[in-house]
Amino acid sequence: MEAAKIAYKMAGIENPVKQIDVAEVYNPFTYHELTFYECFGFCGKGEAVKLVKEGFFHKDGTLPVTPSGGVLCTNPIGATGLQRIAEAALQVMGKAEKRQIPKAETTFAHAMGGSYQLNSVFILSSKK
């Protein structure tokens with residue numbers, strides 16, 4: 001996905017799995033989230049389902065994704081994209097409470113609109 005490639009380049013991210021501590025992905029439907037894992041370079045094409053089953057994206061996995069529960073669990077209509085960014089910011093500030101991923105210094109936030117037409121990707125970091 002072009003938005004992720006641009007964000008990675010701007011943030012100096014060469015390997016998202018190794019350089020991102022937690023990701024908040026826009027997930028209005030479960031299949032979207034699986035597709036996005038592959039589009040964002042979190043895994044290879046066709047690997048998302050296997051890695052989910054193995055716990056790769058779980059809260060205590062290699063790359064925790066959407067510890068907030070995402071759109072499927074916390075959907076304020078009209079602000080779902082902003083909530084992904086806010087949740088990513090809470091992670092780098094260490095203020096995500098029960099959702100906090102330990103030592104989250106670099107986070108990924110994704111928002112989408114339309115039928116995949118509008119995508120925004122943000123990389124937030126507490127590193128200087």
# chains A, B, ... in the order shown; residues from 1 in each chain; ligands from 1
>>> select_by_dssp(residues="region 50-103 of chain A", states="alpha helix (DSSP H)", output="list of chain:residue names")
A:Lys50, A:Leu51, A:Val52, A:Lys53, A:Glu54, A:Gly70, A:Val71, A:Leu72, A:Cys73, A:Thr80, A:Gly81, A:Leu82, A:Gln83, A:Arg84, A:Ile85, A:Ala86, A:Glu87, A:Ala88, A:Ala89, A:Leu90, A:Gln91, A:Val92, A:Met93
>>> residues_around(residues="region 20-35 of chain A", least_positions_apart="2", cutoff="8 Å", atoms="only C-alpha atoms", output="VMD selection string")
chain A and resid 16 to 18 37 to 39 48 to 49 63 to 68 70 to 72 80 to 81 84 to 85 87 to 88 91 101 103 to 112
>>> write_last_selection(atoms="C-alpha atoms", output="mmCIF file, in the first residue's frame")
data_model
loop_
_atom_site.group_PDB
_atom_site.id
_atom_site.type_symbol
_atom_site.label_atom_id
_atom_site.label_comp_id
_atom_site.auth_asym_id
_atom_site.auth_seq_id
_atom_site.Cartn_x
_atom_site.Cartn_y
_atom_site.Cartn_z
ATOM 1 C CA PRO A 16 8.226 -2.795 9.901
ATOM 2 C CA VAL A 17 8.114 -6.052 11.871
ATOM 3 C CA LYS A 18 11.428 -5.263 13.574
ATOM 4 C CA TYR A 37 -1.274 -7.109 7.457
ATOM 5 C CA GLU A 38 0.013 -8.209 4.070
ATOM 6 C CA CYS A 39 -0.290 -4.772 2.425
ATOM 7 C CA ALA A 48 -1.693 -13.517 7.593
ATOM 8 C CA VAL A 49 -4.120 -16.261 8.651
ATOM 9 C CA LEU A 63 4.075 -7.536 16.400
ATOM 10 C CA PRO A 64 1.046 -6.665 18.545
ATOM 11 C CA VAL A 65 -1.755 -5.309 16.352
ATOM 12 C CA THR A 66 -4.767 -3.326 17.526
ATOM 13 C CA PRO A 67 -4.614 -3.998 21.282
ATOM 14 C CA SER A 68 -7.479 -1.492 21.606
ATOM 15 C CA GLY A 70 -10.055 -1.679 16.884
ATOM 16 C CA VAL A 71 -13.099 -0.586 14.954
ATOM 17 C CA LEU A 72 -14.878 -3.895 15.560
ATOM 18 C CA THR A 80 -12.640 5.617 13.827
ATOM 19 C CA GLY A 81 -9.486 6.706 12.006
ATOM 20 C CA ARG A 84 -6.425 4.534 15.737
ATOM 21 C CA ILE A 85 -4.022 7.503 15.887
ATOM 22 C CA GLU A 87 -4.494 4.738 20.561
ATOM 23 C CA ALA A 88 -1.055 4.664 18.899
ATOM 24 C CA GLN A 91 1.038 3.551 23.453
ATOM 25 C CA ILE A 101 2.352 -2.893 25.150
ATOM 26 C CA LYS A 103 8.357 -0.629 25.793
ATOM 27 C CA ALA A 104 6.237 0.642 22.883
ATOM 28 C CA GLU A 105 8.445 3.368 21.416
ATOM 29 C CA THR A 106 7.412 3.254 17.754
ATOM 30 C CA THR A 107 3.811 2.750 16.682
ATOM 31 C CA PHE A 108 1.876 2.480 13.441
ATOM 32 C CA ALA A 109 -1.618 3.923 12.970
ATOM 33 C CA HIS A 110 -3.856 3.337 9.949
ATOM 34 C CA ALA A 111 -7.131 4.939 8.900
ATOM 35 C CA MET A 112 -9.224 4.137 5.835
#
>>> atom_distance(atom1="CA of Ala7 (chain A)", atom2="CA of Leu51 (chain A)")
23.8 Å
>>> atom_distance(atom1="CA of Gly41 (chain A)", atom2="CA of Tyr8 (chain A)")
10.3 Å
>>> closest_residue(among="A:Lys127, A:Gln117, A:Arg99, A:Glu14", to="His58 (chain A)", atoms="only C-alpha atoms")
A:Arg99
>>> atom_distance(atom1="CA of Ser126 (chain A)", atom2="CA of Leu82 (chain A)")
18.8 Å
>>> select_by_dssp(residues="chain A", states="strand (DSSP E or B)", output="VMD selection string")
chain A and resid 22 to 24 65 106 to 113 118 to 125
>>> write_last_selection(atoms="N, CA and C atoms", output="tab-separated table (two decimals), in the first residue's frame")
chain	number	residue	atom	x	y	z
A	22	VAL	N	4.09	-1.68	18.03
A	22	VAL	CA	2.65	-1.97	18.09
A	22	VAL	C	1.97	-1.22	16.94
A	23	ALA	N	0.93	-1.83	16.38
A	23	ALA	CA	0.19	-1.22	15.27
A	23	ALA	C	-1.29	-1.15	15.60
A	24	GLU	N	-1.90	-0.05	15.22
A	24	GLU	CA	-3.36	0.12	15.31
A	24	GLU	C	-3.88	0.17	13.88
A	65	VAL	N	-0.92	-6.14	17.23
A	65	VAL	CA	-1.75	-5.31	16.35
A	65	VAL	C	-3.10	-5.06	17.02
A	106	THR	N	7.78	2.90	19.12
A	106	THR	CA	7.41	3.25	17.75
A	106	THR	C	6.11	2.55	17.41
A	107	THR	N	5.12	3.32	16.99
A	107	THR	CA	3.81	2.75	16.68
A	107	THR	C	3.38	3.12	15.27
A	108	PHE	N	2.43	2.36	14.79
A	108	PHE	CA	1.88	2.48	13.44
A	108	PHE	C	0.38	2.70	13.61
A	109	ALA	N	-0.17	3.69	12.93
A	109	ALA	CA	-1.62	3.92	12.97
A	109	ALA	C	-2.14	4.02	11.54
A	110	HIS	N	-3.27	3.37	11.29
A	110	HIS	CA	-3.86	3.34	9.95
A	110	HIS	C	-5.32	3.74	10.01
A	111	ALA	N	-5.73	4.56	9.05
A	111	ALA	CA	-7.13	4.94	8.90
A	111	ALA	C	-7.51	4.75	7.44
A	112	MET	N	-8.77	4.38	7.20
A	112	MET	CA	-9.22	4.14	5.83
A	112	MET	C	-10.61	4.73	5.62
A	113	GLY	N	-10.87	5.16	4.41
A	113	GLY	CA	-12.19	5.64	4.04
A	113	GLY	C	-12.56	5.13	2.66
A	118	LEU	N	-9.14	5.78	0.26
A	118	LEU	CA	-8.47	6.77	1.10
A	118	LEU	C	-7.80	6.06	2.27
A	119	ASN	N	-6.50	6.10	2.30
A	119	ASN	CA	-5.75	5.47	3.38
A	119	ASN	C	-4.74	6.45	3.94
A	120	SER	N	-4.65	6.50	5.25
A	120	SER	CA	-3.65	7.31	5.93
A	120	SER	C	-2.87	6.40	6.85
A	121	VAL	N	-1.56	6.58	6.86
A	121	VAL	CA	-0.69	5.82	7.75
A	121	VAL	C	0.20	6.79	8.49
A	122	PHE	N	0.29	6.61	9.79
A	122	PHE	CA	1.10	7.46	10.65
A	122	PHE	C	2.08	6.58	11.42
A	123	ILE	N	3.31	7.05	11.54
A	123	ILE	CA	4.30	6.41	12.40
A	123	ILE	C	4.54	7.39	13.54
A	124	LEU	N	4.29	6.96	14.76
A	124	LEU	CA	4.52	7.80	15.94
A	124	LEU	C	5.65	7.18	16.75
A	125	SER	N	6.46	8.03	17.36
A	125	SER	CA	7.59	7.52	18.12
A	125	SER	C	7.92	8.41	19.30
